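S.K.: Got a structure for you, written out below as structure tokens; questions coming shortly.
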Amino acid sequence: MPSLDPSGQRSTVMTAGPGDEGAFRIAFEASPVGMAVLDDGGRCLQVNQALASLLGADRSSLLGRSLYDFTHPDDVALTMDQVATAREGSGAQSFEKRYVRVDGAAVWCAVRLSSVRAVDGRRVHLAHIRDVSIEHELRQRELRERALLDLLVALQRDVAAVAHDRAAVLTLVAERCLEMIVGTEGTAIELAEQAHESDRLVYAAAAGHLASCLGITVDARASLSGLAARTGETLVCRDSETDDRVDRDACRRTRVRSMVVAPIVSDGERIGALKIASSRPDAFAGDAGHLLTLIAQNLGAALRQAADTEHIQRLLQTARDAAAAARRSEKRFRTAFLGSPLGMIVQELGDNGTRQVNAAAATMLGYTSEDADDMPHGGTIEPADRERFDEIVREMAAGQRTQAELDVRSRHRDGHLVDLHLYAAVVATDDGNRTVIWQIQDSTAQRESTRVLTERARLLELANDAIVVHGMDGTIRYWNPAAERIYGWSREAAVGLDIDSLLRTRWAPGVDRAAVRAALEQTGTWEGEVHHIAMSGAPLTVLARKALQRDERGEPVAILTINTDITERRAAEARLAASEALFRSQFEHSAVGQMIRTADGVVESANPAFAAMLGFESPDDLVGRHMSQLVSDTTATQRGPEWAELYVGKRDSIRSEIVLRRSGGTEVALAYTTSILRGVDGQPDRFVSIVQDVTEQRSAERARDDAIATLEQRNAELQRANALKTDLIGMLGHEMNNPLTVVGAMTELAADAWGADCTDEQRTHLEDVERNVQRLQRTVREVLDQVTLEAGHLIARPQLVELAPALRSVTTAVVSEVVVDCPDDVVALVQPEHLEHIVANLLSNADKYGGGAERIQVTADGGTVTIDVIDHGPGVPESFVDRLFTRFSRDEATGAWVVGHGLGLYIVRELARANGGDVTYLPTPGGGATFRISLTAAPG
């Protein structure tokens with residue numbers, strides 16, 4: 001092997017002793033990275049075993065051969081350019097390329113090529129070759145997934161813009177699939193010809209070379225689309241001439257040779273299929289099915305939204321009809337209107353229009369039914385919302401809109417502000433006038449509840465330190481578990497007390513409570529070190545960070561304080577100063593390099609080991625030198641935020657690497673750990689560094705660290721996506737609930753208004769609307785319960801409940817015939833609303849799956865009360881028992897004919913556990929299912 005210049009950077013001849021040559025050979029042979037010594041023509045003079053294994057070749061067979069023989073044809077030009085640059089003396093060249101193994105497989109490699117001179121004066125090239133196939137594939141996969149995400153987001157945005165128009169949604173998706181999925185020549189959306197009808201599919205939308213198929217009907221039982229719709233699976237046909245699942249004649253007529261079909265599911269029901277097709281066999285890549293599945297899922301949701309919009313329009317038309325009927329029967333209307341518990345205002349549009357205000361609406365703003373006419377016409381709405389309100393009224397008067405929904409803040413008669421949610425519908429009278437019906441809901445409590453929940457969620461994110469929320473007067477409102485642990489006071493003991501009195505706060509010189517509040521009001525934040533006393537009497541030193549919280553009007557309402565306990569850190573610093581003599585002895589005799597420098601970077605002391613690393617005979621040769629004289633030009637001098645944290649005491653030490661110049665001009669890579677020594681004033685005084693030579697080990701660790709960083713980044717992205725999912729589901733649940741309440745109220749109003757004049761057909765329609773509203777409200781409650789459980793916010797407030805009347809109340813509301821076997825004196829600890837939810841859900845499940853519950857059996861045994869809901873239906877299949885209480889889990893045998901989401905039993909169990917109990921399943925003797933609710937019995 002030629003003797004090489006060890007620096008690998010300059011084309012100068014260096015004399016290498018036997019020891020240097022041996023060390024190089026050992027490193028060359030033992031390196032896990034492929035290495036080769038090449039002559040000027042690129043032929044291998046020496047190769048190590050790692051490179052031979054990477055290329056799948058015998059090591060001896062590589063000697064004398066050029067690495068171009070193993071270079072992928074597409075990368076030959078790149079390699080020649082890099083070699084030419086290295087020959088010109090431009091330093092080491094790093095690049096990525098593909099090699100072709102002996103077995104024909106391509107391998108992506110990172111290549112570092114440097115020109116050196118052997119001791120005989122010949123110029124040779126040292127190549128380091130590392131397999132980066134996995135890293136390359138991960139990068140390519142990330143690029144593909146990001147491009148896919150961008151396409152899906154754009155499609156979702158465009159679909160949302162036309163979501164109210166079903167035909168436009170279908171056309172948009174069909175056309176967009178042509179653009180999004182490579183290889184697509186034609187697209188089609190096939191939907192069931194009638195609701196719940198799967199035998200016939202109609203081409204509801206088509207594009208590309210399938211556009212001519214629009215409107216035709218096909219037999220679902222003989223097509224791949226029908227099979228996808230029945231099974232709920234995305235299916236791929238690579239060649240219609242050999243695939244027995246397809247209608248081969250139809251494929252020939254429509255020039256379809258290969259296709260991918262994804263089922264369309266709307267509101268839990270498979271209603272058709274989305275198909276992409278090509279005239280070429282095997283035209284689609286492996287990820288086409290995944291992308292088409294995502295598009296089909298979005299299409300299903302959009303069709304559900306379009307159907308909901310049509311449904312709402314029908315309901316609004318019903319409301320208009322009800323309003324007309326109400327005017328024809330003024331007496332009945334006025335009775336229902338004035339006695340309604342919902343706030344309502346009926347106003348004719350126009351300059352001289354009359355207005356009627358019911359008692360509920362008047363009460364919300366501080367008026368009575370007697371003086372409701374004194375209420376200003378919209379004059380109580382705050383100026384910030386008044387412009388939008390007036391604009392909506394003008395549009396309704398001009399016939400530009402028929403309904404509206406908005407949130408406003410209104411001034412109560414006594415001066416305080418009230419949050420209102422307004423819903424308006426316009427109806428036309430027989431005399432040509434237009435009347436708007438306003439429904440008014442006081443949303444103050446709801447908005448305040450949302451604000452409080454958001455505030456607490458934000459606080460819980462920082463639960464490692466003590467988190468305290470207190471009012472502007474210092475009264476503690478919130479006290480997290482970390483505060484309990486640090487200070488010893490429980491939340492119950494701390495809430496309601498003054499924070500500085502409880503903790504006996506001692507401020508730094510020149511700082512007091514008033515100064516801190518002034519700083520908060522001026523800048524919004526304050527940070528500093530304060531001293532507290534724990535419940536045990538132990539003194540604590542904390543780093544306090546305070547932030548001012550303001551309400552929607554910008555008024556200060558509370559102060560958020562995050563206290564980091566630094567007591568032990570300060571004690572450690574004191575002990576460090578006391579042990580200076582011991583440290584000095586260890587410093588001088590340690591085999592590990594150590595160095596002390598001043599705060600401005602001047603070396604104050606160095607031990608012999610550190611001096612030897614840099615090639616100095618004595619540590620005194622380093623004393624007085626500034627670190628800038630030692631640091632290599634290749635090392636960045638800008639200090640990151642971790643140095644700032646070290647300065648202020650938030651870090652004890654910093655671990656990093658640095659390249660320093662040796663006395664002879666060569667460079668050495670060092671790993672160092674730096675900690676800080678503070679003066680009596682707590683300010684940084686000196687820095688102590690422990691140094692190790694890590695030149696040889698870093699190349700192996702770099703690849704490992706890159707892979708770990710990539711995995712951590714992907715994990716963080718998944719966590720953010722999951723949080724966004726939870727927030728979106730919660731938001732949609734809340735936004736759906738308000739319109740459903742309005743629809744239910746309008747149905748009741750219509751029924752009261754029609755009274756005896758209501759026809760059987762009208763009453764049937766109203767009952768259908770009411771039943772579907774109640775079904776949607778149950779779904780919304782399940783979704784909101786699920787979001788609450790996922791966010792960890794479910795809080796139960798158990799109280800003493802007499803079970804006999806409570807259970808009979810639930811069964812009366814839910815079912816007509818069920819026996820409640822419960823002694824009158826049994827009392828349990830449970831939140832009443834949770835008990836009602838649990839029992840109602842179990843009764844509903846028994847009705848859907850077990851033919852209805854037959855008996856509710858209550859038993860008290862010591863400190864436990866059990867409530868058994870018993871039916872004699874088919875029971876739960878043995879294979880499904882383990883997943884019975886898992887969210888979104890449904891049995892395949894019943895999932896096709898029972899509507900549900902797989903959330904009910906999961907929420908029931910979590911509600912029971914929040915109350916200190918549980919829900920379990922037991923087979924009923926003789927057949928059937930028994931769901932057992934276990935609760936804590938009342939004490940005594």
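Residue numbers start at 1 in each chain; chains themselves are named A, B, ... in the order of the structure tokens; ligands are numbered from 1 in the order shown.
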So that I can see what lies close to Ala362 (chain A), please list as a PyMOL selection string the residues with an atom at most 12 Å from it, counting only C-alpha atoms and leaving out residues fewer than 5 positions away in the same chain.
M.R.: chain A and resi 338+340-345+356-357+367-376+380+412-413+440-442
S.K.: Write out as a list in words which residues come within 10 Å of Val691 (chain A) when counting only C-alpha atoms, dropping same-chain ones fewer than 4 positions away.
M.R.: Val592, Gly593, Gln594, Met595, Ala609, Phe610, Met613, Arg655, Ser656, Glu657, Ile658, Ala669, Leu670, Ala671, Tyr672, Thr673 and Thr674 of chain A
S.K.: Ranking A:Leu292, A:Val162, A:Ser225, A:Arg123 by minimum distance to Leu178 (chain A) and counting only C-alpha atoms, which one comes first?
M.R.: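 Residue with the minimum atom-to-atom distance to Leu178 (chain A): A:Leu292.
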S.K.: Determine, counting only C-alpha atoms, which protein, DNA and RNA residues have an atom within 9 Å of an atom of Arg230 (chain A); residues of the same chain fewer than 3 positions away are not included. Present the result as an NGL selection string.
M.R.: :A and (198 or 220 or 225-227 or 233 or 263 or 270 or 272)
S.K.: Convert the current residue selection to file output with N, CA and C atoms, as a PDB file, in the first residue's frame.
M.R.:
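Generated file (selection_18.pdb):
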```pdb
ATOM      1  N   SER A 198     -77.587  -1.544  -4.496  1.00  0.00           N
ATOM      2  CA  SER A 198     -76.209  -1.771  -4.922  1.00  0.00           C
ATOM      3  C   SER A 198     -76.101  -2.579  -6.210  1.00  0.00           C
ATOM      4  N   ALA A 220     -73.796  -3.700 -11.279  1.00  0.00           N
ATOM      5  CA  ALA A 220     -72.743  -3.679 -10.264  1.00  0.00           C
ATOM      6  C   ALA A 220     -72.225  -5.069  -9.953  1.00  0.00           C
ATOM      7  N   SER A 225     -66.121  -2.039 -10.215  1.00  0.00           N
ATOM      8  CA  SER A 225     -66.621  -0.943  -9.367  1.00  0.00           C
ATOM      9  C   SER A 225     -67.643  -1.472  -8.373  1.00  0.00           C
ATOM     10  N   GLY A 226     -68.534  -2.342  -8.837  1.00  0.00           N
ATOM     11  CA  GLY A 226     -69.513  -2.923  -7.926  1.00  0.00           C
ATOM     12  C   GLY A 226     -68.857  -3.756  -6.846  1.00  0.00           C
ATOM     13  N   LEU A 227     -67.801  -4.488  -7.214  1.00  0.00           N
ATOM     14  CA  LEU A 227     -67.089  -5.304  -6.223  1.00  0.00           C
ATOM     15  C   LEU A 227     -66.433  -4.424  -5.167  1.00  0.00           C
ATOM     16  N   GLU A 233     -63.179  -2.195  -0.354  1.00  0.00           N
ATOM     17  CA  GLU A 233     -61.738  -2.236  -0.566  1.00  0.00           C
ATOM     18  C   GLU A 233     -61.383  -1.570  -1.897  1.00  0.00           C
ATOM     19  N   PRO A 263     -63.765   2.511  -3.207  1.00  0.00           N
ATOM     20  CA  PRO A 263     -65.159   2.680  -2.774  1.00  0.00           C
ATOM     21  C   PRO A 263     -65.409   4.093  -2.262  1.00  0.00           C
ATOM     22  N   ARG A 270     -71.604   2.662   1.923  1.00  0.00           N
ATOM     23  CA  ARG A 270     -70.905   2.607   0.643  1.00  0.00           C
ATOM     24  C   ARG A 270     -71.914   2.881  -0.472  1.00  0.00           C
ATOM     25  N   GLY A 272     -70.994   3.905  -3.833  1.00  0.00           N
ATOM     26  CA  GLY A 272     -70.508   3.799  -5.198  1.00  0.00           C
ATOM     27  C   GLY A 272     -69.008   3.640  -5.219  1.00  0.00           C
TER      28      GLY A 272
END
```
S.K.: As a PyMOL selection string, please: the residues near region 95-101 of chain A (cut-off 7 Å, only C-alpha atoms, same-chain neighbours under 4 positions excluded).
M.R.: chain A and resi 55-56+70-72+75+105-112
S.K.: Those residues you just picked out, can you put them in a file as a JSON list (two decimals), in the first residue's frame with N, CA and C atoms?
M.R.:
```json
[["chain", "number", "residue", "atom", "x", "y", "z"],
["A", 55, "LEU", "N", -20.00, -3.78, -2.97],
["A", 55, "LEU", "CA", -20.17, -4.05, -4.40],
["A", 55, "LEU", "C", -20.51, -5.51, -4.67],
["A", 56, "GLY", "N", -20.48, -6.36, -3.61],
["A", 56, "GLY", "CA", -20.80, -7.77, -3.79],
["A", 56, "GLY", "C", -19.75, -8.52, -4.60],
["A", 70, "PHE", "N", -18.17, -0.11, -12.16],
["A", 70, "PHE", "CA", -19.30, -0.38, -11.27],
["A", 70, "PHE", "C", -20.23, 0.83, -11.16],
["A", 71, "THR", "N", -19.93, 1.90, -11.91],
["A", 71, "THR", "CA", -20.74, 3.13, -11.82],
["A", 71, "THR", "C", -22.00, 3.00, -12.68],
["A", 72, "HIS", "N", -23.13, 3.44, -12.13],
["A", 72, "HIS", "CA", -24.38, 3.44, -12.89],
["A", 72, "HIS", "C", -24.21, 4.32, -14.13],
["A", 75, "ASP", "N", -24.69, 8.05, -13.95],
["A", 75, "ASP", "CA", -23.86, 8.83, -13.03],
["A", 75, "ASP", "C", -22.41, 8.92, -13.46],
["A", 105, "ALA", "N", -27.79, -5.14, -8.73],
["A", 105, "ALA", "CA", -28.56, -4.19, -7.93],
["A", 105, "ALA", "C", -27.84, -2.85, -7.85],
["A", 106, "ALA", "N", -28.63, -1.76, -7.94],
["A", 106, "ALA", "CA", -28.07, -0.40, -7.83],
["A", 106, "ALA", "C", -28.04, 0.00, -6.36],
["A", 107, "VAL", "N", -26.96, 0.67, -5.94],
["A", 107, "VAL", "CA", -26.78, 1.10, -4.55],
["A", 107, "VAL", "C", -26.42, 2.58, -4.56],
["A", 108, "TRP", "N", -27.19, 3.39, -3.83],
["A", 108, "TRP", "CA", -26.85, 4.82, -3.67],
["A", 108, "TRP", "C", -25.75, 4.94, -2.61],
["A", 109, "CYS", "N", -24.72, 5.71, -2.94],
["A", 109, "CYS", "CA", -23.59, 5.87, -2.04],
["A", 109, "CYS", "C", -23.19, 7.34, -1.92],
["A", 110, "ALA", "N", -22.68, 7.70, -0.72],
["A", 110, "ALA", "CA", -22.06, 9.01, -0.51],
["A", 110, "ALA", "C", -20.56, 8.82, -0.70],
["A", 111, "VAL", "N", -19.97, 9.59, -1.61],
["A", 111, "VAL", "CA", -18.57, 9.45, -1.96],
["A", 111, "VAL", "C", -17.82, 10.71, -1.55],
["A", 112, "ARG", "N", -16.69, 10.49, -0.87],
["A", 112, "ARG", "CA", -15.78, 11.60, -0.57],
["A", 112, "ARG", "C", -14.45, 11.26, -1.22]]
```
S.K.: Mind checking which residues fall within 6 Å of region 920-934 of chain A, counting only C-alpha atoms, ignoring those fewer than 6 positions away in the same chain, and posting them as a PDB file with N, CA, C and O atoms, in the first residue's frame?
M.R.:
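File written: result38.pdb
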```
ATOM      1  N   VAL A 865     -71.677  -1.014  44.114  1.00  0.00           N
ATOM      2  CA  VAL A 865     -73.025  -1.205  43.565  1.00  0.00           C
ATOM      3  C   VAL A 865     -72.865  -1.641  42.113  1.00  0.00           C
ATOM      4  O   VAL A 865     -72.114  -1.014  41.354  1.00  0.00           O
ATOM      5  N   THR A 866     -73.557  -2.716  41.724  1.00  0.00           N
ATOM      6  CA  THR A 866     -73.513  -3.173  40.328  1.00  0.00           C
ATOM      7  C   THR A 866     -74.897  -3.018  39.716  1.00  0.00           C
ATOM      8  O   THR A 866     -75.913  -3.300  40.338  1.00  0.00           O
ATOM      9  N   ILE A 867     -74.893  -2.547  38.462  1.00  0.00           N
ATOM     10  CA  ILE A 867     -76.123  -2.377  37.679  1.00  0.00           C
ATOM     11  C   ILE A 867     -75.963  -3.235  36.437  1.00  0.00           C
ATOM     12  O   ILE A 867     -75.107  -2.955  35.591  1.00  0.00           O
ATOM     13  N   ASP A 868     -76.781  -4.287  36.297  1.00  0.00           N
ATOM     14  CA  ASP A 868     -76.704  -5.186  35.150  1.00  0.00           C
ATOM     15  C   ASP A 868     -77.828  -4.856  34.179  1.00  0.00           C
ATOM     16  O   ASP A 868     -79.014  -4.874  34.540  1.00  0.00           O
ATOM     17  N   VAL A 869     -77.447  -4.560  32.888  1.00  0.00           N
ATOM     18  CA  VAL A 869     -78.425  -4.364  31.816  1.00  0.00           C
ATOM     19  C   VAL A 869     -78.443  -5.665  31.014  1.00  0.00           C
ATOM     20  O   VAL A 869     -77.443  -6.017  30.368  1.00  0.00           O
ATOM     21  N   ILE A 870     -79.578  -6.400  31.061  1.00  0.00           N
ATOM     22  CA  ILE A 870     -79.624  -7.789  30.591  1.00  0.00           C
ATOM     23  C   ILE A 870     -80.564  -7.902  29.390  1.00  0.00           C
ATOM     24  O   ILE A 870     -81.679  -7.352  29.391  1.00  0.00           O
ATOM     25  N   ASP A 871     -80.092  -8.586  28.334  1.00  0.00           N
ATOM     26  CA  ASP A 871     -80.975  -8.943  27.221  1.00  0.00           C
ATOM     27  C   ASP A 871     -80.779 -10.408  26.896  1.00  0.00           C
ATOM     28  O   ASP A 871     -79.835 -11.048  27.375  1.00  0.00           O
ATOM     29  N   HIS A 872     -81.679 -10.976  26.102  1.00  0.00           N
ATOM     30  CA  HIS A 872     -81.594 -12.388  25.710  1.00  0.00           C
ATOM     31  C   HIS A 872     -81.502 -12.516  24.202  1.00  0.00           C
ATOM     32  O   HIS A 872     -82.088 -13.409  23.593  1.00  0.00           O
ATOM     33  N   GLY A 873     -80.721 -11.581  23.605  1.00  0.00           N
ATOM     34  CA  GLY A 873     -80.498 -11.635  22.168  1.00  0.00           C
ATOM     35  C   GLY A 873     -79.398 -12.610  21.816  1.00  0.00           C
ATOM     36  O   GLY A 873     -79.072 -13.514  22.575  1.00  0.00           O
ATOM     37  N   PRO A 874     -78.743 -12.411  20.681  1.00  0.00           N
ATOM     38  CA  PRO A 874     -77.689 -13.359  20.239  1.00  0.00           C
ATOM     39  C   PRO A 874     -76.403 -13.233  21.022  1.00  0.00           C
ATOM     40  O   PRO A 874     -75.528 -14.087  20.906  1.00  0.00           O
ATOM     41  N   GLY A 875     -76.231 -12.160  21.833  1.00  0.00           N
ATOM     42  CA  GLY A 875     -74.991 -11.996  22.593  1.00  0.00           C
ATOM     43  C   GLY A 875     -73.866 -11.444  21.718  1.00  0.00           C
ATOM     44  O   GLY A 875     -74.064 -11.116  20.542  1.00  0.00           O
TER      45      GLY A 875
END
```
S.K.: Select, from A:Gly554, A:Pro619, A:Gly601, A:Gly186, the residue with the minimum atom-to-atom distance to Phe587 (chain A), counting only C-alpha atoms.
M.R.: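 Under the stated criterion, the closest residue is A:Pro619.
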S.K.: In Å, with one decimal, what is the gap from CA of Ile264 (chain A) to CA of Gly183 (chain A)?
M.R.: 21.4 Å
